[in-house]
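Undergrad: Data file upload.tsv (TSV, C-alpha atoms and all ligand atoms) is appended below.
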```tsv
chain	number	residue	atom	x	y	z
A	1	MET	CA	102.13	87.28	58.78
A	2	ALA	CA	101.47	90.20	61.10
A	3	LYS	CA	98.19	91.96	60.45
A	4	THR	CA	98.12	95.53	59.24
A	5	VAL	CA	95.83	98.47	59.94
A	6	GLU	CA	93.85	97.63	56.77
A	7	ASP	CA	92.88	94.20	58.19
A	8	PHE	CA	91.00	95.95	60.98
A	9	GLN	CA	88.83	98.28	58.91
A	10	ILE	CA	85.62	96.67	60.23
A	11	VAL	CA	86.68	97.02	63.87
A	12	GLU	CA	87.68	100.61	63.17
A	13	ASP	CA	84.51	101.73	61.40
A	14	THR	CA	81.57	99.57	62.44
A	15	ASP	CA	78.67	100.76	64.62
A	16	LEU	CA	77.47	99.29	67.94
A	17	GLU	CA	75.45	96.51	66.31
A	18	GLY	CA	78.38	95.62	64.06
A	19	ILE	CA	80.94	95.48	66.86
A	20	GLY	CA	78.72	92.87	68.57
A	21	LYS	CA	79.50	90.52	65.67
A	22	VAL	CA	83.28	90.92	65.78
A	23	HIS	CA	85.36	88.26	67.56
A	24	ILE	CA	86.92	89.63	70.77
A	25	ASP	CA	90.36	88.33	69.74
A	26	GLU	CA	90.22	90.63	66.70
A	27	VAL	CA	89.55	93.66	68.89
A	28	ILE	CA	92.42	92.71	71.23
A	29	GLU	CA	94.72	92.51	68.19
A	30	TYR	CA	93.41	95.88	67.02
A	31	VAL	CA	94.70	97.41	70.28
A	32	HIS	CA	98.23	96.58	69.12
A	33	THR	CA	97.94	97.46	65.44
A	34	PHE	CA	99.03	100.88	64.22
A	35	LYS	CA	101.44	102.30	61.64
A	36	LYS	CA	102.86	104.55	64.32
A	37	LEU	CA	101.52	105.40	67.76
A	38	PRO	CA	98.67	107.85	67.14
A	39	ALA	CA	98.73	111.42	68.44
A	40	PRO	CA	96.14	112.46	71.07
A	41	LEU	CA	94.00	114.41	68.58
A	42	ASP	CA	93.93	111.47	66.11
A	43	LEU	CA	92.59	109.37	68.98
A	44	TYR	CA	90.09	112.08	69.86
A	45	ALA	CA	88.79	112.01	66.25
A	46	ARG	CA	88.48	108.21	66.52
A	47	TYR	CA	86.56	108.64	69.78
A	48	LEU	CA	83.99	110.88	68.08
A	49	LYS	CA	83.53	108.24	65.36
A	50	GLN	CA	83.45	105.17	67.64
A	51	ARG	CA	81.48	106.56	70.56
A	52	TRP	CA	78.40	104.40	71.27
A	53	ASN	CA	75.17	104.92	73.12
A	54	VAL	CA	74.93	102.67	76.19
A	55	TYR	CA	71.13	103.06	76.16
A	56	ASP	CA	70.90	101.43	72.71
A	57	LEU	CA	71.63	98.01	74.25
A	58	ASP	CA	68.72	95.67	74.97
A	59	PHE	CA	69.49	93.27	77.85
A	60	THR	CA	66.25	91.21	77.58
A	61	GLN	CA	67.90	88.05	76.18
A	62	ASP	CA	70.86	88.43	78.56
A	63	ALA	CA	68.49	88.21	81.54
A	64	VAL	CA	67.01	84.99	80.15
A	65	ASP	CA	70.48	83.50	79.58
A	66	TRP	CA	71.63	84.55	83.05
A	67	HIS	CA	68.71	83.12	85.00
A	68	GLU	CA	67.74	80.14	82.86
A	69	LYS	CA	70.75	78.91	80.91
A	70	MET	CA	73.90	79.60	82.91
A	71	THR	CA	74.85	77.30	85.80
A	72	GLU	CA	75.36	78.56	89.35
A	73	ASP	CA	79.15	78.04	89.02
A	74	GLU	CA	79.25	80.01	85.77
A	75	ARG	CA	77.24	82.86	87.29
A	76	GLN	CA	79.51	82.97	90.35
A	77	ALA	CA	82.72	83.02	88.29
A	78	PHE	CA	81.29	85.66	85.97
A	79	ILE	CA	80.15	87.93	88.79
A	80	ASP	CA	83.49	87.61	90.62
A	81	ILE	CA	85.20	88.93	87.51
A	82	SER	CA	82.77	91.58	86.38
A	83	SER	CA	82.45	93.12	89.86
A	84	GLY	CA	86.14	94.11	89.68
A	85	PHE	CA	85.36	95.84	86.41
A	86	HIS	CA	82.17	97.47	87.72
A	87	HIS	CA	84.08	99.13	90.56
A	88	GLY	CA	87.19	99.73	88.45
A	89	GLU	CA	85.28	101.76	85.84
A	90	ARG	CA	83.79	103.99	88.53
A	91	GLN	CA	87.18	104.58	90.12
A	92	VAL	CA	89.10	105.47	86.95
A	93	GLU	CA	86.39	107.87	85.81
A	94	VAL	CA	87.38	109.91	88.90
A	95	ASP	CA	91.09	109.06	89.16
A	96	LEU	CA	91.84	110.26	85.61
A	97	VAL	CA	91.18	113.85	86.65
A	98	PRO	CA	94.63	114.51	88.22
A	99	PHE	CA	96.26	113.08	85.10
A	100	MET	CA	94.21	115.41	82.90
A	101	MET	CA	95.26	118.48	84.90
A	102	ALA	CA	98.80	118.57	83.45
A	103	GLY	CA	100.15	117.59	80.05
A	104	THR	CA	99.70	119.34	76.72
A	105	GLU	CA	96.40	120.86	75.60
A	106	ASP	CA	96.08	118.05	73.02
A	107	GLU	CA	96.48	115.47	75.78
A	108	LYS	CA	93.87	117.20	77.94
A	109	ILE	CA	91.34	117.06	75.11
A	110	PHE	CA	91.90	113.34	74.61
A	111	VAL	CA	91.72	112.59	78.36
A	112	SER	CA	88.39	114.44	78.55
A	113	SER	CA	87.06	111.90	76.03
A	114	GLN	CA	88.53	109.04	78.02
A	115	ILE	CA	86.79	110.24	81.18
A	116	GLU	CA	83.51	110.21	79.24
A	117	ASP	CA	84.27	106.67	78.01
A	118	GLU	CA	84.90	105.48	81.56
A	119	ALA	CA	81.68	107.11	82.77
A	120	ARG	CA	79.79	105.31	79.98
A	121	HIS	CA	81.45	102.01	80.93
A	122	THR	CA	80.25	102.56	84.51
A	123	VAL	CA	76.68	103.00	83.23
A	124	PHE	CA	77.09	99.87	81.10
A	125	PHE	CA	77.86	97.79	84.21
A	126	ASP	CA	75.14	99.55	86.15
A	127	ARG	CA	72.59	98.45	83.54
A	128	PHE	CA	74.02	94.89	83.46
A	129	TYR	CA	73.77	94.51	87.25
A	130	LYS	CA	70.27	95.98	87.41
A	131	GLU	CA	68.68	94.46	84.32
A	132	VAL	CA	70.48	91.09	84.07
A	133	VAL	CA	71.72	90.11	87.53
A	134	GLY	CA	68.69	91.77	89.12
A	135	VAL	CA	70.43	94.00	91.67
A	136	PRO	CA	68.10	96.59	93.24
A	137	GLY	CA	68.96	100.31	93.42
A	138	GLU	CA	67.96	103.77	92.29
A	139	THR	CA	71.39	105.34	91.88
A	140	ILE	CA	74.77	104.28	90.50
A	141	MET	CA	76.08	104.14	94.09
A	142	ASP	CA	73.22	101.88	95.28
A	143	VAL	CA	74.16	99.30	92.68
A	144	LEU	CA	77.89	99.59	93.38
A	145	ASP	CA	77.19	99.14	97.10
A	146	HIS	CA	75.28	95.97	96.32
A	147	SER	CA	77.94	94.46	94.04
A	148	TYR	CA	80.68	95.21	96.58
A	149	GLN	CA	79.97	91.84	98.20
A	150	TRP	CA	81.35	90.10	95.09
A	151	LEU	CA	84.61	92.06	94.85
A	152	THR	CA	87.61	89.82	95.39
A	153	GLU	CA	90.82	90.74	97.23
A	154	THR	CA	92.72	90.83	93.95
A	155	PHE	CA	90.97	94.14	93.24
A	156	VAL	CA	92.61	95.79	96.24
A	157	GLY	CA	96.19	95.60	94.94
A	158	PRO	CA	96.10	97.43	91.60
A	159	PHE	CA	93.17	99.72	92.43
A	160	GLY	CA	94.45	100.55	95.92
A	161	LEU	CA	97.78	101.48	94.36
A	162	LEU	CA	95.96	103.51	91.70
A	163	ALA	CA	94.12	105.49	94.39
A	164	TYR	CA	97.48	106.19	96.04
A	165	LEU	CA	99.27	107.21	92.82
A	166	ALA	CA	96.30	109.37	91.71
A	167	ASP	CA	96.36	111.22	95.03
A	168	ASP	CA	100.13	111.59	94.87
A	169	LEU	CA	99.75	113.09	91.38
A	170	ARG	CA	96.95	115.40	92.53
A	171	GLN	CA	99.38	117.06	94.93
A	172	ASN	CA	101.84	117.84	92.13
A	173	PRO	CA	100.18	117.19	88.75
A	174	ASP	CA	103.10	118.57	86.68
A	175	ASP	CA	105.72	116.23	88.10
A	176	PRO	CA	106.78	114.08	85.10
A	177	HIS	CA	107.85	111.15	87.32
A	178	ARG	CA	104.46	110.98	89.02
A	179	ARG	CA	102.76	111.16	85.62
A	180	VAL	CA	104.83	108.28	84.28
A	181	LYS	CA	104.14	106.16	87.36
A	182	TYR	CA	100.42	106.83	87.13
A	183	SER	CA	100.37	106.01	83.41
A	184	THR	CA	102.40	102.81	83.91
A	185	LEU	CA	99.90	101.55	86.44
A	186	TYR	CA	96.77	102.72	84.73
A	187	HIS	CA	97.34	102.66	80.95
A	188	LEU	CA	99.92	99.90	80.78
A	189	TRP	CA	98.99	97.51	83.59
A	190	ILE	CA	95.30	98.01	84.45
A	191	GLU	CA	94.05	98.76	80.93
A	192	GLY	CA	96.73	97.15	78.79
A	193	VAL	CA	97.07	93.91	80.76
A	194	LEU	CA	94.31	93.30	83.32
A	195	ALA	CA	91.36	94.72	81.37
A	196	LEU	CA	92.23	92.93	78.14
A	197	VAL	CA	92.60	89.60	79.95
A	198	VAL	CA	89.21	89.98	81.67
A	199	MET	CA	87.67	90.90	78.34
A	200	LYS	CA	89.07	87.82	76.71
A	201	VAL	CA	87.80	85.54	79.51
A	202	THR	CA	84.23	86.86	79.86
A	203	LEU	CA	83.69	87.63	76.18
A	204	GLY	CA	85.28	84.36	75.08
A	205	PHE	CA	82.79	82.56	77.35
A	206	GLY	CA	79.81	84.55	76.04
A	207	ARG	CA	80.81	83.98	72.44
A	208	ASP	CA	81.56	80.25	72.73
A	209	ARG	CA	78.29	79.55	74.50
A	210	GLY	CA	76.17	82.05	72.58
A	211	PHE	CA	75.14	83.74	75.86
A	212	LEU	CA	74.63	87.37	76.92
A	213	PRO	CA	74.42	89.15	73.53
A	214	ALA	CA	74.01	92.73	74.85
A	215	TYR	CA	76.85	92.22	77.34
A	216	TYR	CA	78.97	90.90	74.48
A	217	THR	CA	78.14	93.89	72.28
A	218	GLY	CA	78.68	96.55	74.95
A	219	PHE	CA	81.84	95.02	76.40
A	220	THR	CA	83.36	94.46	72.95
A	221	ALA	CA	82.65	98.14	72.20
A	222	THR	CA	84.32	98.87	75.56
A	223	CYS	CA	87.36	96.89	74.38
A	224	ARG	CA	87.52	99.05	71.23
A	225	ASP	CA	87.44	102.13	73.52
A	226	GLU	CA	90.30	100.51	75.43
A	227	ALA	CA	92.35	100.45	72.22
A	228	ARG	CA	92.33	104.26	72.20
A	229	HIS	CA	93.17	104.50	75.90
A	230	VAL	CA	96.03	102.00	75.72
A	231	GLN	CA	97.49	103.55	72.54
A	232	PHE	CA	97.33	106.99	74.17
A	233	GLY	CA	99.17	105.64	77.23
A	234	MET	CA	101.80	103.87	75.13
A	235	LYS	CA	102.47	107.08	73.20
A	236	PHE	CA	102.72	109.06	76.43
A	237	LEU	CA	105.15	106.55	77.97
A	238	TYR	CA	107.18	106.16	74.77
A	239	ASP	CA	107.61	109.92	74.40
A	240	SER	CA	108.38	110.39	78.11
A	241	LEU	CA	111.09	107.70	78.00
A	242	LYS	CA	112.58	109.20	74.87
A	243	ARG	CA	112.71	112.64	76.43
A	244	ASP	CA	114.21	111.37	79.69
A	245	PRO	CA	115.51	107.77	79.89
A	246	SER	CA	115.52	107.99	83.71
A	247	HIS	CA	111.77	107.32	83.51
A	248	GLN	CA	112.69	103.68	82.93
A	249	LYS	CA	113.13	103.50	86.70
A	250	ASP	CA	109.61	104.85	87.29
A	251	VAL	CA	108.10	102.21	85.01
A	252	LEU	CA	110.02	99.35	86.61
A	253	GLN	CA	109.32	100.55	90.14
A	254	VAL	CA	105.56	100.45	89.60
A	255	LEU	CA	105.73	97.04	87.95
A	256	GLN	CA	107.88	95.73	90.78
A	257	THR	CA	105.28	96.86	93.33
A	258	ILE	CA	102.55	95.16	91.30
A	259	PHE	CA	104.52	91.91	90.98
A	260	ASN	CA	105.22	91.88	94.73
A	261	MET	CA	101.57	92.44	95.56
A	262	GLY	CA	100.39	89.69	93.23
A	263	GLY	CA	100.60	86.87	95.75
A	264	ALA	CA	99.28	88.90	98.67
A	265	VAL	CA	95.74	87.52	98.50
A	266	SER	CA	94.12	84.59	100.23
A	267	LYS	CA	91.74	83.70	97.41
A	268	VAL	CA	92.17	84.03	93.66
A	269	ALA	CA	88.95	84.28	91.64
A	270	ASN	CA	88.03	80.95	90.12
A	271	THR	CA	87.67	81.33	86.36
A	272	GLU	CA	87.61	77.63	85.53
A	273	PRO	CA	83.81	77.52	85.03
A	274	LEU	CA	84.38	80.05	82.23
A	275	GLY	CA	86.99	77.85	80.59
A	276	PHE	CA	90.25	79.42	81.79
A	277	ASP	CA	92.58	78.02	84.45
A	278	ILE	CA	95.31	79.86	86.35
A	279	LEU	CA	98.09	78.84	83.97
A	280	GLN	CA	96.19	80.15	80.97
A	281	LEU	CA	95.39	83.40	82.77
A	282	ARG	CA	99.01	83.91	83.75
A	283	GLU	CA	100.13	83.23	80.19
A	284	LEU	CA	97.62	85.78	78.89
A	285	MET	CA	98.77	88.41	81.38
A	286	VAL	CA	102.46	87.88	80.74
A	287	GLY	CA	101.90	87.95	76.97
A	288	GLN	CA	99.97	91.22	77.18
A	289	LEU	CA	102.63	92.76	79.42
A	290	TYR	CA	105.51	91.92	77.06
A	291	ARG	CA	103.62	93.37	74.10
A	292	LYS	CA	103.21	96.71	75.88
A	293	LEU	CA	106.83	96.75	77.10
A	294	GLY	CA	107.95	96.06	73.53
A	295	ILE	CA	105.96	99.05	72.27
A	296	ILE	CA	107.48	101.48	74.77
A	297	GLY	CA	110.94	99.92	74.56
A	298	VAL	CA	111.42	98.80	78.16
A	299	GLU	CA	113.15	95.55	79.06
A	300	LEU	CA	112.51	93.75	82.33
A	301	PRO	CA	115.57	92.90	84.44
A	302	LYS	CA	116.15	89.16	84.79
A	303	GLU	CA	114.84	88.86	88.38
A	304	MET	CA	111.61	90.56	87.41
A	305	SER	CA	110.98	88.32	84.41
A	306	GLN	CA	111.59	85.31	86.64
A	307	GLN	CA	109.07	86.64	89.12
A	308	LEU	CA	106.47	86.68	86.33
A	309	GLN	CA	106.54	82.90	86.16
A	310	SER	CA	104.78	82.70	89.51
A	311	LEU	CA	102.58	85.77	89.10
A	312	GLU	CA	99.11	85.40	90.64
A	313	PRO	CA	96.42	86.32	88.14
A	314	VAL	CA	94.37	89.40	89.02
A	315	ILE	CA	90.83	89.69	87.82
A	316	ALA	CA	89.74	93.32	87.53
A	317	GLY	CA	89.91	96.14	85.02
A	318	GLY	CA	88.66	99.60	84.21
B	401	FE	FE	89.76	102.52	79.78
B	402	FE	FE	86.73	101.56	80.95
```
Reformat the file's structure so that it appears as structure tokens.
Ligand SMILES: [Fe+2]
Ligand SMILES: [Fe+2]
TA:
Amino acid sequence: MAKTVEDFQIVEDTDLEGIGKVHIDEVIEYVHTFKKLPAPLDLYARYLKQRWNVYDLDFTQDAVDWHEKMTEDERQAFIDISSGFHHGERQVEVDLVPFMMAGTEDEKIFVSSQIEDEARHTVFFDRFYKEVVGVPGETIMDVLDHSYQWLTETFVGPFGLLAYLADDLRQNPDDPHRRVKYSTLYHLWIEGVLALVVMKVTLGFGRDRGFLPAYYTGFTATCRDEARHVQFGMKFLYDSLKRDPSHQKDVLQVLQTIFNMGGAVSKVANTEPLGFDILQLRELMVGQLYRKLGIIGVELPKEMSQQLQSLEPVIAGG
């Protein structure tokens, strides 16, 4: 039986320590559970309740697990994945600004909270890289510069396209078609598909092995933040499509670009040391995509759904 909002009361209400005890699969389900898509100000109220302090995390045990318990292969796979997130968080914190510039006043207020979330997520990764991995650096940029060496090519596709669409929107922030394209890429694909898959892989690993407790807590809290972002995006896309069905073309165009870019890399990140092979990753991505398309009421044309069967997994998020 499908779960209801009431089944997720703990995820909804618990504090930072409490969210560290919740199974990541529960939080991913929570992203998709609502009576009706919430309005921006409902999500803003949830933000004020669920906001967490990134400086409350204690990474001492994580550093021990990282250096003494994890194998070299596990560390490499983990860092390949989390570096895409580290850089992704920094980029979206900035690239959300053009999206905030237009829209209703209610939407602007919510997006201001999302920008703060993304800034906090950037600091979360900054602390992880400095205190657990042991990367040197005084400033946020120093640490990003250092972790750049671990970014994989798969990052370039979705985040390169996001930089392009954000700049396109900046030049004409009120254009509804540009807003829908931006939201399709960012809220639906990067947050609603890529980020949730990465969360499942790294947090599933941490939970199964009992490793990295502060990372688990902070990144699970990040996933709960993602629930607000994704629900906001789904509401925006749903309403836009209802107002003007021609936006269907905008959504499909962005997805088509993403699908075409999928195979344009020479090396896919190896997640097998963390317990997930390519087939499982692809299945997770496709499943997440169909759930979001179902919510906004968009159907993929046949050729595009066929293309999904050979989709290359992308390991990044924001
Ligand atoms: Fe987000
Ligand atoms: Fe984020």
Undergrad: Name all residues at most 9 Å from segment 78-90 of chain A (count only C-alpha atoms; drop same-chain ones fewer than 3 positions away) and give them as a PyMOL selection string.
TA: chain A and resi 73-75+93-95+118-126+129+133+144+147-152+154-155+159+195+198+202+269-271+273-274+315-318
Undergrad: List all protein, DNA and RNA residues that have at least one atom no more than 9 Å from any atom of ligand FE 401 (chain B), counting only C-alpha atoms and all ligand atoms, and write them as JSON, numbers by chain.
TA: {"A": [89, 92, 93, 114, 115, 117, 118, 121, 186, 187, 190, 191, 192, 195, 222, 223, 225, 226, 227, 228, 229, 230, 317, 318]}
Undergrad: With C-alpha atoms retained, could you export that selection as a PDB file, in the coordinates of the input?
TA:
```pdb
ATOM      1  CA  GLU A  89      85.280 101.760  85.840  1.00  0.00           C
ATOM      2  CA  VAL A  92      89.100 105.470  86.950  1.00  0.00           C
ATOM      3  CA  GLU A  93      86.390 107.870  85.810  1.00  0.00           C
ATOM      4  CA  GLN A 114      88.530 109.040  78.020  1.00  0.00           C
ATOM      5  CA  ILE A 115      86.790 110.240  81.180  1.00  0.00           C
ATOM      6  CA  ASP A 117      84.270 106.670  78.010  1.00  0.00           C
ATOM      7  CA  GLU A 118      84.900 105.480  81.560  1.00  0.00           C
ATOM      8  CA  HIS A 121      81.450 102.010  80.930  1.00  0.00           C
ATOM      9  CA  TYR A 186      96.770 102.720  84.730  1.00  0.00           C
ATOM     10  CA  HIS A 187      97.340 102.660  80.950  1.00  0.00           C
ATOM     11  CA  ILE A 190      95.300  98.010  84.450  1.00  0.00           C
ATOM     12  CA  GLU A 191      94.050  98.760  80.930  1.00  0.00           C
ATOM     13  CA  GLY A 192      96.730  97.150  78.790  1.00  0.00           C
ATOM     14  CA  ALA A 195      91.360  94.720  81.370  1.00  0.00           C
ATOM     15  CA  THR A 222      84.320  98.870  75.560  1.00  0.00           C
ATOM     16  CA  CYS A 223      87.360  96.890  74.380  1.00  0.00           C
ATOM     17  CA  ASP A 225      87.440 102.130  73.520  1.00  0.00           C
ATOM     18  CA  GLU A 226      90.300 100.510  75.430  1.00  0.00           C
ATOM     19  CA  ALA A 227      92.350 100.450  72.220  1.00  0.00           C
ATOM     20  CA  ARG A 228      92.330 104.260  72.200  1.00  0.00           C
ATOM     21  CA  HIS A 229      93.170 104.500  75.900  1.00  0.00           C
ATOM     22  CA  VAL A 230      96.030 102.000  75.720  1.00  0.00           C
ATOM     23  CA  GLY A 317      89.910  96.140  85.020  1.00  0.00           C
ATOM     24  CA  GLY A 318      88.660  99.600  84.210  1.00  0.00           C
TER      25      GLY A 318
END
```
Undergrad: Got a sec to check which residues sit within 12 Å of (98.1, 117.8, 91.3), counting all atoms listed in the file, and write them as a list in words?
TA: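 Within the cut-off we find Asp95, Leu96, Val97, Pro98, Phe99, Met100, Met101, Ala102, Gly103, Leu165, Ala166, Asp167, Asp168, Leu169, Arg170, Gln171, Asn172, Pro173, Asp174, Asp175, Pro176, Arg178, Arg179 and Tyr182 of chain A.
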Undergrad: Excluding Thr60 of chain A and its own-chain neighbours fewer than 6 positions away, which residues fall within 9 Å of it when counting all atoms listed in the file? Please give them as a PyMOL selection string.
TA: chain A and resi 131-132+214
Undergrad: Which protein, DNA or RNA residues are at most 9 Å from (86.4, 88.9, 76.2) in the file's coordinates when you count only C-alpha atoms, listed as a ChimeraX atom specification?
TA: /A:23-25,28,196-207,216,219-220,223
Undergrad: What lies within 10 Å of segment 47-52 of chain A using all atoms listed in the file, ignoring chain neighbours under 2 positions off, as a PyMOL selection string?
TA: chain A and resi 11-17+41-45+54-57+110+113-114+116-117+120+218+221-222+224-225+228-229
Undergrad: What is the atom CA of Leu161 of chain A-atom CA of Thr184 of chain A distance in Å, reported with one decimal?
TA: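 Atom CA of Thr184 of chain A lies 11.5 Å from atom CA of Leu161 of chain A.
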Undergrad: Which is closer to Leu284 of chain A than all the others in A:Gln309, A:Gln91, A:Asn260, A:Gln9, using only C-alpha atoms?
TA: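 For Leu284 of chain A, the nearest of the given residues is A:Gln309.
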Undergrad: Quick one: of A:Leu241, A:Arg291, A:Leu194, A:Met141, who's nearest to ligand FE 402 (chain B), counting only C-alpha atoms and all ligand atoms?
TA: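 Between A:Leu241, A:Arg291, A:Leu194, A:Met141, the residue approaching ligand FE 402 (chain B) most closely is A:Leu194.
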Undergrad: Would you mind completing segment 86-98 of chain A to N, CA, C and O atoms and writing the output as a short mmCIF file (atom, residue, chain, number, x, y, z; two decimals), in the frame of the given file?
TA:
```cif
data_model
loop_
_atom_site.label_atom_id
_atom_site.label_comp_id
_atom_site.auth_asym_id
_atom_site.auth_seq_id
_atom_site.Cartn_x
_atom_site.Cartn_y
_atom_site.Cartn_z
N HIS A 86 83.23 96.52 87.34
CA HIS A 86 82.17 97.47 87.72
C HIS A 86 82.76 98.57 88.60
O HIS A 86 82.60 99.76 88.34
N HIS A 87 83.50 98.15 89.64
CA HIS A 87 84.08 99.13 90.56
C HIS A 87 85.28 99.85 89.94
O HIS A 87 85.51 101.02 90.21
N GLY A 88 86.03 99.13 89.11
CA GLY A 88 87.19 99.73 88.45
C GLY A 88 86.78 100.88 87.54
O GLY A 88 87.41 101.95 87.55
N GLU A 89 85.74 100.70 86.76
CA GLU A 89 85.28 101.76 85.84
C GLU A 89 84.93 103.02 86.62
O GLU A 89 85.26 104.13 86.23
N ARG A 90 84.20 102.84 87.71
CA ARG A 90 83.79 103.99 88.53
C ARG A 90 85.03 104.72 89.06
O ARG A 90 85.11 105.94 89.04
N GLN A 91 86.00 103.93 89.52
CA GLN A 91 87.18 104.58 90.12
C GLN A 91 88.01 105.35 89.08
O GLN A 91 88.44 106.47 89.34
N VAL A 92 88.21 104.78 87.90
CA VAL A 92 89.10 105.47 86.95
C VAL A 92 88.44 106.71 86.37
O VAL A 92 89.13 107.68 86.03
N GLU A 93 87.12 106.69 86.29
CA GLU A 93 86.39 107.87 85.81
C GLU A 93 86.78 109.08 86.69
O GLU A 93 86.89 110.21 86.21
N VAL A 94 87.02 108.84 87.97
CA VAL A 94 87.38 109.91 88.90
C VAL A 94 88.90 110.10 88.96
O VAL A 94 89.40 111.22 88.96
N ASP A 95 89.64 108.98 88.96
CA ASP A 95 91.09 109.06 89.16
C ASP A 95 91.84 109.55 87.92
O ASP A 95 93.05 109.79 87.99
N LEU A 96 91.16 109.69 86.80
CA LEU A 96 91.84 110.26 85.61
C LEU A 96 91.99 111.77 85.73
O LEU A 96 92.81 112.38 85.04
N VAL A 97 91.18 112.39 86.58
CA VAL A 97 91.18 113.85 86.65
C VAL A 97 92.57 114.44 86.96
O VAL A 97 93.01 115.34 86.25
N PRO A 98 93.29 113.94 87.98
CA PRO A 98 94.63 114.51 88.22
C PRO A 98 95.57 114.34 87.03
O PRO A 98 96.44 115.18 86.81
#
```
